[in-house]
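K.L.:
Enclosed is the structure file run-v1.cif (mmCIF, C-alpha atoms).
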data_model
#
loop_
_atom_site.label_atom_id
_atom_site.label_comp_id
_atom_site.auth_asym_id
_atom_site.auth_seq_id
_atom_site.Cartn_x
_atom_site.Cartn_y
_atom_site.Cartn_z
CA MET A 1186 10.29 -61.02 -217.61
CA SER A 1187 11.89 -57.90 -219.17
CA SER A 1188 12.83 -56.70 -215.66
CA ASN A 1189 14.62 -59.97 -214.88
CA LEU A 1190 16.37 -59.88 -218.23
CA HIS A 1191 17.45 -56.28 -217.61
CA GLN A 1192 18.85 -57.17 -214.20
CA ALA A 1193 20.70 -60.19 -215.57
CA GLY A 1194 22.20 -58.08 -218.37
CA VAL A 1195 23.31 -55.36 -215.98
CA LYS A 1196 24.88 -57.94 -213.68
CA LEU A 1197 26.77 -59.54 -216.59
CA LEU A 1198 28.08 -56.21 -217.85
CA LYS A 1199 29.17 -55.20 -214.34
CA GLN A 1200 31.11 -58.46 -214.03
CA LEU A 1201 32.82 -57.77 -217.36
CA GLY A 1202 33.65 -54.21 -216.36
CA ARG A 1203 34.84 -55.10 -212.85
CA HIS A 1204 37.15 -57.84 -214.14
CA ALA A 1205 37.98 -56.33 -217.54
CA GLU A 1206 41.75 -56.76 -217.16
CA LEU A 1207 41.40 -60.44 -216.30
CA VAL A 1208 38.96 -61.03 -219.16
CA MET A 1209 41.33 -59.42 -221.69
CA ASP A 1210 44.24 -61.46 -220.35
CA VAL A 1211 42.23 -64.63 -220.93
CA TYR A 1212 41.22 -63.40 -224.38
CA LEU A 1213 44.82 -62.74 -225.45
CA SER A 1214 46.39 -65.80 -223.82
CA GLY A 1215 43.56 -68.20 -224.55
CA SER A 1216 43.30 -69.58 -221.01
CA VAL A 1217 43.95 -68.76 -217.37
CA SER A 1218 45.02 -70.77 -214.35
CA ILE A 1219 43.73 -70.24 -210.80
CA ASP A 1220 46.08 -68.87 -208.14
CA GLU A 1221 45.67 -67.02 -204.85
CA THR A 1222 45.45 -63.59 -206.48
CA ASN A 1223 42.59 -64.25 -208.90
CA ALA A 1224 40.67 -67.16 -207.32
CA GLN A 1225 37.78 -65.01 -206.12
CA ALA A 1226 37.44 -63.15 -209.42
CA ILE A 1227 37.58 -66.36 -211.44
CA ASP A 1228 34.91 -67.92 -209.25
CA LYS A 1229 32.57 -64.97 -209.92
CA LEU A 1230 33.27 -65.13 -213.67
CA GLN A 1231 32.53 -68.86 -213.68
CA LYS A 1232 29.21 -68.34 -211.91
CA SER A 1233 28.33 -65.67 -214.48
CA ASP A 1234 29.08 -68.13 -217.34
CA ILE A 1235 31.88 -65.95 -218.65
CA LEU A 1236 34.62 -68.52 -218.08
CA TRP A 1237 34.28 -72.28 -218.58
CA ARG A 1238 36.42 -75.37 -218.39
CA PRO A 1239 36.28 -77.66 -221.47
CA GLU A 1240 37.61 -80.68 -219.57
CA PRO A 1241 38.40 -81.32 -215.91
CA GLU A 1242 42.15 -81.15 -216.46
CA GLN A 1243 42.02 -78.16 -218.82
CA GLU A 1244 42.47 -74.53 -217.90
CA LEU A 1245 39.63 -72.01 -217.85
CA ARG A 1246 38.67 -70.32 -221.13
CA LEU A 1247 36.27 -67.62 -222.28
CA LYS A 1248 32.81 -68.66 -223.34
CA ARG A 1249 32.32 -68.66 -227.07
CA SER A 1250 29.65 -65.95 -226.91
CA VAL A 1251 31.94 -63.60 -224.90
CA ARG A 1252 34.88 -64.26 -227.24
CA ALA A 1253 32.66 -63.57 -230.28
CA LEU A 1254 31.54 -60.30 -228.66
CA LEU A 1255 35.13 -59.20 -228.13
CA GLU A 1256 36.15 -60.28 -231.63
CA GLU A 1257 33.39 -58.20 -233.19
CA ALA A 1258 33.98 -55.20 -230.92
CA LEU A 1259 37.77 -55.18 -231.38
CA SER A 1260 37.67 -56.17 -235.07
CA ASP A 1261 40.32 -58.77 -234.33
CA GLU A 1262 40.89 -60.30 -237.74
CA ARG A 1263 43.37 -62.86 -236.42
CA ASN A 1264 41.02 -64.62 -234.00
CA ARG A 1265 37.59 -63.79 -235.40
CA GLN A 1266 35.92 -66.81 -237.01
CA ILE A 1267 34.48 -65.40 -240.23
CA ASP A 1268 32.68 -68.54 -241.43
CA SER A 1269 31.00 -70.69 -238.81
CA ASN A 1270 30.16 -73.66 -240.99
CA VAL A 1271 31.74 -77.05 -240.39
CA GLY A 1272 33.79 -77.04 -243.57
CA SER A 1273 35.45 -73.74 -242.73
CA SER A 1274 36.16 -74.89 -239.17
CA LEU A 1275 37.73 -78.11 -240.43
CA ALA A 1276 39.90 -76.23 -242.93
CA THR A 1277 41.05 -73.80 -240.22
CA ILE A 1278 41.92 -76.64 -237.86
CA LYS A 1279 43.96 -78.44 -240.53
CA THR A 1280 45.78 -75.22 -241.46
CA LEU A 1281 46.71 -74.41 -237.87
CA ALA A 1282 47.89 -77.99 -237.35
CA ASP A 1283 50.21 -77.68 -240.34
CA HIS A 1284 51.50 -74.31 -239.03
CA TYR A 1285 52.23 -75.88 -235.64
CA LYS A 1286 54.06 -78.85 -237.17
CA GLU A 1287 56.16 -76.57 -239.36
CA ALA A 1288 57.11 -74.27 -236.46
CA ARG A 1289 57.91 -77.27 -234.29
CA HIS A 1290 60.06 -78.73 -237.05
CA ASN A 1291 61.94 -75.43 -237.35
CA VAL A 1292 62.47 -75.38 -233.56
CA ASP A 1293 60.53 -72.10 -233.28
CA PHE A 1294 59.05 -72.68 -229.83
CA SER A 1295 57.33 -69.29 -229.46
CA ALA A 1296 55.53 -69.65 -232.80
CA SER A 1297 54.63 -73.28 -232.12
CA GLU A 1298 53.13 -72.36 -228.74
CA ALA A 1299 51.10 -69.56 -230.34
CA TYR A 1300 49.84 -71.88 -233.10
CA LEU A 1301 49.03 -74.59 -230.56
CA ALA A 1302 47.05 -72.07 -228.48
CA ASP A 1303 45.14 -70.94 -231.58
CA LEU A 1304 44.50 -74.55 -232.58
CA SER A 1305 43.25 -75.42 -229.10
CA GLU A 1306 40.98 -72.39 -229.12
CA HIS A 1307 39.50 -73.31 -232.52
CA VAL A 1308 38.98 -76.97 -231.54
CA TYR A 1309 37.29 -76.15 -228.23
CA SER A 1310 35.31 -73.30 -229.82
CA PHE A 1311 34.10 -75.66 -232.52
CA ALA A 1312 33.05 -78.24 -229.92
CA ASP A 1313 31.38 -75.58 -227.78
CA GLY A 1314 29.56 -74.13 -230.81
CA LEU A 1315 28.34 -77.57 -231.87
CA ARG A 1316 27.00 -78.32 -228.41
CA TYR A 1317 25.45 -74.85 -228.25
CA SER A 1318 23.62 -75.48 -231.54
CA ILE A 1319 22.23 -78.74 -230.17
CA ARG A 1320 21.09 -76.99 -226.99
CA VAL A 1321 19.30 -74.37 -229.08
CA LEU A 1322 17.57 -77.09 -231.08
CA TRP A 1323 16.46 -78.88 -227.90
CA SER A 1324 15.13 -75.65 -226.40
CA ARG A 1325 13.06 -75.03 -229.54
CA ILE A 1326 11.75 -78.60 -229.48
CA ASN A 1327 10.90 -78.59 -225.77
CA ASN A 1328 9.15 -75.25 -226.25
CA GLU A 1329 7.37 -76.72 -229.30
CA PHE A 1330 8.35 -73.58 -231.23
CA GLY A 1331 6.26 -71.48 -228.88
CA TYR A 1332 7.76 -68.24 -230.15
CA VAL A 1333 5.45 -68.47 -233.20
CA GLY A 1334 1.70 -68.48 -232.90
CA SER A 1335 0.21 -70.46 -235.80
CA ILE A 1336 0.47 -74.12 -236.72
CA ASN A 1337 1.77 -73.25 -240.19
CA ALA A 1338 4.54 -71.18 -238.66
CA LYS A 1339 5.43 -74.04 -236.30
CA ILE A 1340 5.64 -76.42 -239.28
CA ARG A 1341 7.93 -73.99 -241.13
CA GLU A 1342 10.15 -73.61 -238.07
CA ASN A 1343 10.25 -77.39 -237.70
CA GLU A 1344 11.28 -77.85 -241.34
CA LEU A 1345 13.95 -75.18 -240.88
CA ALA A 1346 15.29 -76.99 -237.83
CA GLN A 1347 15.35 -80.26 -239.76
CA SER A 1348 17.35 -78.66 -242.55
CA GLN A 1349 19.80 -77.30 -239.99
CA VAL A 1350 20.19 -80.73 -238.41
CA SER A 1351 20.77 -82.28 -241.84
CA GLU A 1352 23.41 -79.66 -242.65
CA LEU A 1353 25.17 -80.32 -239.34
CA LEU A 1354 25.15 -84.09 -239.91
CA ASN A 1355 26.41 -83.69 -243.47
CA GLY A 1356 29.14 -81.37 -242.22
CA LEU A 1357 30.23 -83.80 -239.50
CA GLU A 1358 30.68 -86.49 -242.16
CA MET A 1359 33.52 -84.36 -243.58
CA PHE A 1360 35.68 -85.25 -240.58
CA GLN A 1361 37.87 -88.21 -241.59
CA PHE A 1362 39.78 -89.27 -238.50
CA SER A 1363 42.18 -91.37 -240.54
CA GLU A 1364 43.28 -88.16 -242.28
CA LEU A 1365 43.41 -86.24 -238.98
CA GLY A 1366 45.48 -89.05 -237.49
CA GLU A 1367 47.97 -88.76 -240.31
CA ILE A 1368 48.17 -84.98 -239.80
CA ALA A 1369 48.72 -85.41 -236.05
CA GLY A 1370 51.38 -88.08 -236.53
CA ASP A 1371 53.18 -88.96 -233.32
CA THR A 1372 52.73 -85.51 -231.77
CA ARG A 1373 50.93 -86.00 -228.47
CA GLU A 1374 49.33 -82.54 -228.36
CA LEU A 1375 47.95 -82.83 -231.89
CA ARG A 1376 46.62 -86.37 -231.36
CA LYS A 1377 44.82 -85.24 -228.22
CA LEU A 1378 43.20 -82.31 -230.01
CA LEU A 1379 42.55 -83.72 -233.49
CA VAL A 1380 41.74 -87.34 -232.60
CA THR A 1381 40.69 -87.78 -228.99
CA THR A 1382 38.82 -84.52 -228.32
CA LEU A 1383 37.19 -84.20 -231.74
CA GLN A 1384 36.22 -87.87 -231.93
CA GLU A 1385 34.53 -87.85 -228.51
CA THR A 1386 32.75 -84.59 -229.31
CA LEU A 1387 31.56 -85.70 -232.75
CA SER A 1388 30.42 -89.10 -231.49
CA ASP A 1389 28.28 -87.59 -228.71
CA CYS A 1390 26.93 -84.81 -230.93
CA THR A 1391 26.08 -87.18 -233.81
CA GLN A 1392 24.05 -89.43 -231.51
CA GLU A 1393 22.25 -86.46 -229.98
CA LEU A 1394 21.53 -84.97 -233.41
CA SER A 1395 19.95 -88.28 -234.47
CA VAL A 1396 17.67 -88.11 -231.43
CA VAL A 1397 16.88 -84.46 -232.24
CA GLN A 1398 16.01 -85.40 -235.83
CA ALA A 1399 13.66 -88.18 -234.70
CA ARG A 1400 11.98 -85.84 -232.22
CA LEU A 1401 11.54 -83.20 -234.93
CA LEU A 1402 9.90 -85.73 -237.27
CA GLU A 1403 7.53 -86.84 -234.51
CA LEU A 1404 6.66 -83.24 -233.69
CA LEU A 1405 6.14 -82.42 -237.37
CA GLY A 1406 3.71 -85.32 -237.74
CA ARG A 1407 1.72 -84.08 -234.76
CA PHE A 1408 1.63 -80.54 -236.12
CA ARG A 1409 0.36 -81.77 -239.48
CA GLN A 1410 -2.29 -83.88 -237.78
CA ILE A 1411 -3.46 -80.87 -235.78
CA ARG A 1412 -3.52 -78.77 -238.95
CA GLY A 1413 -5.60 -81.41 -240.80
CA ARG A 1414 -8.11 -81.65 -237.99
CA THR A 1415 -8.26 -77.87 -237.73
CA ARG A 1416 -8.99 -77.57 -241.44
CA LEU A 1417 -11.69 -80.22 -241.15
CA LEU A 1418 -13.30 -78.40 -238.23
CA LYS A 1419 -13.12 -75.04 -240.02
CA GLY A 1420 -14.70 -76.57 -243.12
CA TRP A 1421 -17.49 -78.01 -241.01
CA LEU A 1422 -18.13 -74.67 -239.31
CA LEU A 1423 -18.17 -72.92 -242.69
CA TYR A 1424 -20.67 -75.45 -244.03
CA THR A 1425 -22.97 -74.99 -241.03
CA ASP A 1426 -22.77 -71.21 -241.47
CA LEU A 1427 -23.77 -71.52 -245.13
CA HIS A 1428 -26.53 -74.06 -244.35
CA PRO A 1429 -28.11 -73.02 -241.04
CA ASP A 1430 -31.04 -75.43 -241.52
CA TYR A 1431 -28.81 -78.49 -241.78
CA LYS A 1432 -29.67 -81.40 -239.51
CA PRO A 1433 -27.60 -84.60 -239.36
CA ALA A 1434 -29.43 -87.70 -240.52
CA ASP A 1435 -29.86 -90.85 -238.48
CA HIS A 1436 -27.06 -92.80 -240.10
CA VAL A 1437 -27.56 -95.80 -237.83
CA SER A 1438 -30.95 -96.59 -239.34
CA HIS A 1439 -29.54 -96.74 -242.87
CA LYS A 1440 -28.53 -100.01 -244.44
CA GLN A 1441 -25.54 -98.40 -246.14
CA LEU A 1442 -23.60 -96.17 -243.75
CA PRO A 1443 -21.43 -93.33 -245.06
CA ALA A 1444 -17.75 -94.14 -245.29
CA LEU A 1445 -16.96 -91.59 -242.58
CA PHE A 1446 -19.04 -93.51 -240.02
CA ASN A 1447 -18.39 -96.99 -241.36
CA ILE A 1448 -14.67 -97.19 -240.73
CA ALA A 1449 -14.59 -100.59 -239.01
CA GLU A 1450 -14.73 -103.67 -241.21
CA PRO A 1451 -17.70 -106.03 -240.56
CA LEU A 1452 -16.85 -109.11 -238.55
CA LEU A 1453 -19.36 -111.32 -240.37
CA ALA A 1454 -20.58 -111.06 -243.95
CA PRO A 1455 -24.34 -110.53 -244.52
CA ALA A 1456 -26.22 -113.86 -244.58
CA ALA A 1457 -29.79 -115.11 -245.17
CA VAL A 1458 -31.59 -118.47 -245.13
CA ASP A 1459 -31.87 -120.16 -248.53
CA VAL A 1460 -35.45 -121.51 -248.42
CA SER A 1461 -35.08 -122.96 -251.91
CA ASN A 1462 -32.32 -125.35 -250.83
CA HIS A 1463 -33.97 -128.75 -250.30
CA SER A 1464 -31.04 -130.11 -248.35
CA LEU A 1465 -31.83 -127.70 -245.51
CA GLU A 1466 -35.46 -128.85 -245.04
CA PRO A 1467 -34.83 -130.88 -241.84
CA GLU A 1468 -33.12 -127.94 -240.11
CA LEU A 1469 -35.84 -125.51 -241.26
CA PHE A 1470 -38.61 -127.85 -240.01
CA GLU A 1471 -36.86 -128.13 -236.65
CA ILE A 1472 -36.61 -124.35 -236.33
CA VAL A 1473 -40.27 -123.89 -237.23
CA SER A 1474 -41.39 -126.57 -234.77
CA ASN A 1475 -39.66 -124.76 -231.91
CA ILE A 1476 -41.54 -121.50 -232.55
CA LYS A 1477 -44.27 -120.98 -229.97
CA ARG A 1478 -47.36 -118.87 -230.64
CA ILE A 1479 -48.05 -116.24 -228.04
CA ASP A 1480 -51.54 -114.83 -228.26
CA ARG A 1481 -51.66 -112.10 -225.63
CA LEU A 1482 -54.91 -110.60 -226.96
CA HIS A 1483 -56.76 -113.86 -226.40
CA ASP A 1484 -55.42 -114.15 -222.85
CA VAL A 1485 -56.43 -110.58 -222.02
CA SER A 1486 -59.94 -111.03 -223.40
CA THR A 1487 -60.33 -114.26 -221.42
CA VAL A 1488 -59.32 -112.55 -218.20
CA ARG A 1489 -61.69 -109.66 -218.80
CA GLU A 1490 -64.66 -112.02 -219.26
CA GLN A 1491 -64.16 -113.58 -215.83
CA ASP A 1492 -64.90 -111.98 -212.50
CA VAL A 1493 -61.65 -111.42 -210.71
CA SER A 1494 -61.54 -110.47 -207.04
CA VAL A 1495 -58.41 -109.01 -205.54
CA ASP A 1496 -57.68 -109.30 -201.84
CA LEU A 1497 -55.22 -106.68 -200.65
CA THR A 1498 -53.76 -108.17 -197.49
CA GLN A 1499 -50.35 -108.07 -195.93
CA ALA A 1500 -47.94 -110.39 -197.67
CA GLU A 1501 -46.68 -113.31 -195.66
CA ASP A 1502 -43.04 -113.61 -194.81
CA PHE A 1503 -41.18 -116.29 -196.69
CA ASP A 1504 -37.62 -117.52 -196.93
CA ILE A 1505 -35.75 -118.41 -200.07
CA PRO A 1506 -33.88 -121.66 -199.44
CA ASP A 1507 -30.16 -121.65 -200.20
CA ASN A 1508 -29.01 -123.32 -203.36
CA PRO A 1509 -27.64 -126.79 -202.49
CA LEU A 1510 -24.84 -126.33 -205.03
CA LYS A 1511 -23.80 -123.10 -203.32
CA LEU A 1512 -23.86 -124.82 -199.91
CA ALA A 1513 -21.63 -127.56 -201.29
CA VAL A 1514 -19.16 -124.98 -202.58
CA ASP A 1515 -19.16 -123.30 -199.15
CA GLY A 1516 -18.31 -126.66 -197.67
CA TYR A 1517 -15.43 -127.00 -200.13
CA PHE A 1518 -14.07 -123.62 -199.00
CA CYS A 1519 -14.39 -124.61 -195.35
CA ALA A 1520 -12.59 -127.89 -196.04
CA VAL A 1521 -9.67 -125.98 -197.53
CA ILE A 1522 -9.58 -123.73 -194.44
CA ASP A 1523 -9.66 -126.72 -192.06
CA SER A 1524 -6.94 -128.66 -193.88
CA GLY A 1525 -4.75 -125.66 -194.70
CA LYS A 1526 -3.64 -127.40 -197.88
CA SER A 1527 -4.39 -126.81 -201.54
CA GLN A 1528 -7.14 -129.00 -202.95
CA SER A 1529 -8.51 -129.53 -206.44
CA ALA A 1530 -12.19 -128.81 -206.97
CA LEU A 1531 -12.80 -131.94 -209.08
CA ASP A 1532 -10.89 -134.12 -206.58
CA TYR A 1533 -13.14 -132.80 -203.81
CA LEU A 1534 -16.19 -133.49 -205.99
CA ASP A 1535 -15.12 -137.11 -206.62
CA GLU A 1536 -13.99 -137.68 -203.03
CA HIS A 1537 -17.34 -136.65 -201.54
CA GLU A 1538 -19.36 -138.21 -204.41
CA LEU A 1539 -21.35 -135.04 -204.96
CA PRO A 1540 -24.16 -135.33 -207.55
CA TRP A 1541 -23.36 -132.13 -209.43
CA ASP A 1542 -22.25 -131.88 -213.01
CA ARG A 1543 -18.48 -131.31 -213.23
CA GLU A 1544 -18.75 -128.19 -215.38
CA SER A 1545 -21.49 -126.68 -213.19
CA TRP A 1546 -19.40 -127.45 -210.14
CA LEU A 1547 -16.36 -125.59 -211.58
CA TYR A 1548 -18.55 -122.62 -212.55
CA GLN A 1549 -19.97 -122.41 -209.03
CA VAL A 1550 -16.50 -122.64 -207.40
CA ILE A 1551 -15.19 -119.80 -209.57
CA CYS A 1552 -18.33 -117.70 -208.92
CA GLY A 1553 -18.08 -118.39 -205.20
CA TYR A 1554 -14.48 -117.19 -205.16
CA GLU A 1555 -15.25 -114.06 -207.18
CA GLY A 1556 -18.32 -113.32 -205.04
CA LEU A 1557 -16.39 -113.21 -201.76
CA PRO A 1558 -15.82 -109.79 -200.17
CA GLU A 1559 -12.42 -108.28 -200.84
CA GLU A 1560 -11.13 -108.82 -197.29
CA HIS A 1561 -12.21 -112.50 -197.36
CA ARG A 1562 -10.96 -113.14 -200.89
CA SER A 1563 -7.45 -112.01 -199.89
CA TYR A 1564 -7.17 -115.14 -197.68
CA PHE A 1565 -7.50 -117.48 -200.70
CA GLU A 1566 -5.61 -118.11 -203.93
CA LEU A 1567 -7.41 -119.70 -206.90
CA GLU A 1568 -5.47 -121.14 -209.85
CA HIS A 1569 -7.07 -122.17 -213.13
CA ILE A 1570 -5.72 -125.46 -214.45
CA GLY A 1571 -6.12 -126.01 -218.19
CA GLU A 1572 -4.57 -125.41 -221.58
CA PRO A 1573 -4.94 -122.95 -224.49
CA ASP A 1574 -7.50 -123.73 -227.14
CA PRO A 1575 -5.72 -125.58 -230.00
CA VAL A 1576 -7.95 -123.94 -232.66
CA TYR A 1577 -8.97 -120.47 -231.47
CA THR A 1578 -6.10 -118.32 -230.23
CA GLY A 1579 -6.69 -116.28 -227.10
CA ASN A 1580 -9.07 -118.83 -225.53
CA PHE A 1581 -8.08 -120.82 -222.42
CA ILE A 1582 -9.92 -124.07 -221.63
CA ILE A 1583 -10.30 -124.55 -217.86
CA LYS A 1584 -10.27 -128.23 -216.90
CA ASP A 1585 -9.95 -127.83 -213.14
CA VAL A 1586 -9.30 -125.23 -210.42
CA GLU A 1587 -7.16 -125.47 -207.33
CA LEU A 1588 -7.81 -123.52 -204.10
CA TRP A 1589 -5.46 -122.86 -201.21
CA LEU A 1590 -4.91 -120.41 -198.39
CA ALA A 1591 -2.82 -117.33 -199.27
#
Would you mind writing the structure in this file as structure tokens?
P.N.:
Amino acid sequence: MSSNLHQAGVKLLKQLGRHAELVMDVYLSGSVSIDETNAQAIDKLQKSDILWRPEPEQELRLKRSVRALLEEALSDERNRQIDSNVGSSLATIKTLADHYKEARHNVDFSASEAYLADLSEHVYSFADGLRYSIRVLWSRINNEFGYVGSINAKIRENELAQSQVSELLNGLEMFQFSELGEIAGDTRELRKLLVTTLQETLSDCTQELSVVQARLLELLGRFRQIRGRTRLLKGWLLYTDLHPDYKPADHVSHKQLPALFNIAEPLLAPAAVDVSNHSLEPELFEIVSNIKRIDRLHDVSTVREQDVSVDLTQAEDFDIPDNPLKLAVDGYFCAVIDSGKSQSALDYLDEHELPWDRESWLYQVICGYEGLPEEHRSYFELEHIGEPDPVYTGNFIIKDVELWLA
């Protein structure tokens, strides 16, 4: 990685040195137009991200990072932006706009053009710096703050990024376009810079900063969740180290489960039969009468007392007869194939006067359809005809089914 970075840096510096005169001309004039003499050089500088075009109809300008490098190296107090916060940028833009209006009013065209160039540079530099800050924030988010190693450091970096986003949003609220519109007046150049360009830039950047802020909050919640689970796991490991003979108990066999394992609420409350309630005697007698006594010990002792002879011979072959209800359902499927039309299962049952119970018949039709092989089932379509349960939500009462060829 260091080798690639070294090569990229050497290539960038060679481009700056090879086209130093053109770069300084752009730095002093603020922009450059393409002609036959410098087209090839400008194309190379664009590919190296030294020159950029703010808008399709605008001229090429120096990248903010290259301009800042030259400002620091040349100690250019006139162009160097000392304070990069939004308030300072807004104050500088307003001041340059007033200078331009005054020079234009005094018919000083050279001064007005110089002030307009400075104002354009500050406006586009501010927009480029704002977009650059957002790109940096997105790169940190997409990398999940990978340049730090611990979860605590990631959380601190996330909180720092959130504070930076909040400061940017608070700074963007300082822009009052009604005030900027009054400053621009009816001057077309000022309205384009102070109203159109800034408003489009701030609208896009504000929306993107809101998305960045939401993503940071989501990432912060995940980091804190990971940190909580990590602390829980470390505490557990520390406890097992201090108590090497610890064995977890069988919590399932307990009547009262620990809160850690008993997170889900019970569906039904605990219940028991009230044998002292005389009104329940008929139901209790009915339950007791249905209990059958199974005495396996008596049956075993009876078998042992008798002489039992076992004849080990080859078992005879036997056939299990097909279920008549299943055969009737097969006939229903064949009738649908022969007719080629959709037919209701209950209408078929009534038409052929079959002796089966209507509910059992519907169950068998549905089971017969579900039991078909996949390649055979694809030839049929089965629709359940019914209505939702009026009392219990989520239940569907099937009253009939209809079968047809797909």
K.L.:
Please identify all polymer residues within 12 Å of Leu1301 in chain A, counting only C-alpha atoms, omitting same-chain residues fewer than 3 positions from it, and present them as a PyMOL selection string.
P.N.:
chain A and resi 1214-1215+1278-1289+1294-1298+1304-1308+1372-1375+1377-1379
K.L.:
The PyMOL selection byres ((chain A and resi 1200) around 12) - which residues does that actually catch in the file I just gave you? List them as a PyMOL selection string.
P.N.:
chain A and resi 1193-1199+1201-1208+1226-1236
K.L.:
Could you name the residues that touch range 1355-1357 of chain A at 8 Å or less, counting all atoms listed in the file, but leaving out those on the same chain fewer than 5 positions away, as number ranges by chain?
P.N.:
A: 1270-1272, 1387, 1391
K.L.:
Hey, can you spit out that residue selection with C-alpha atoms as an mmCIF file, in the frame of the given file?
P.N.:
data_model
loop_
_atom_site.group_PDB
_atom_site.id
_atom_site.type_symbol
_atom_site.label_atom_id
_atom_site.label_comp_id
_atom_site.auth_asym_id
_atom_site.auth_seq_id
_atom_site.Cartn_x
_atom_site.Cartn_y
_atom_site.Cartn_z
ATOM 1 C CA ASN A 1270 30.160 -73.660 -240.990
ATOM 2 C CA VAL A 1271 31.740 -77.050 -240.390
ATOM 3 C CA GLY A 1272 33.790 -77.040 -243.570
ATOM 4 C CA LEU A 1387 31.560 -85.700 -232.750
ATOM 5 C CA THR A 1391 26.080 -87.180 -233.810
#
K.L.:
Contacts of range 1564-1568 of chain A at 8 Å or less, counting all atoms listed in the file, minus same-chain residues fewer than 3 places along, as number ranges by chain?
P.N.:
A: 1554, 1560-1561, 1586-1591
K.L.:
Would you compute, for all listed atoms of range 1405-1419 of chain A, the axis-aligned bounding box grown by 3 Å on each side, and then report its centre and edge lengths in Å rounded to one decimal, as JSON?
P.N.:
{"center_x": -3.6, "center_y": -80.2, "center_z": -238.1, "size_x": 25.4, "size_y": 16.3, "size_z": 12.7}
K.L.:
Nearest residue to Trp1323 in chain A out of A:Leu1418, A:Ser1563, A:Ser1216, A:Glu1393, using all atoms listed in the file?
P.N.:
A:Glu1393
K.L.:
Excluding same-chain residues fewer than 6 positions from Leu1315 in chain A, what lies within 9 Å of it counting all atoms listed in the file, as a ChimeraX atom specification?
P.N.:
/A:1353,1386-1387,1390
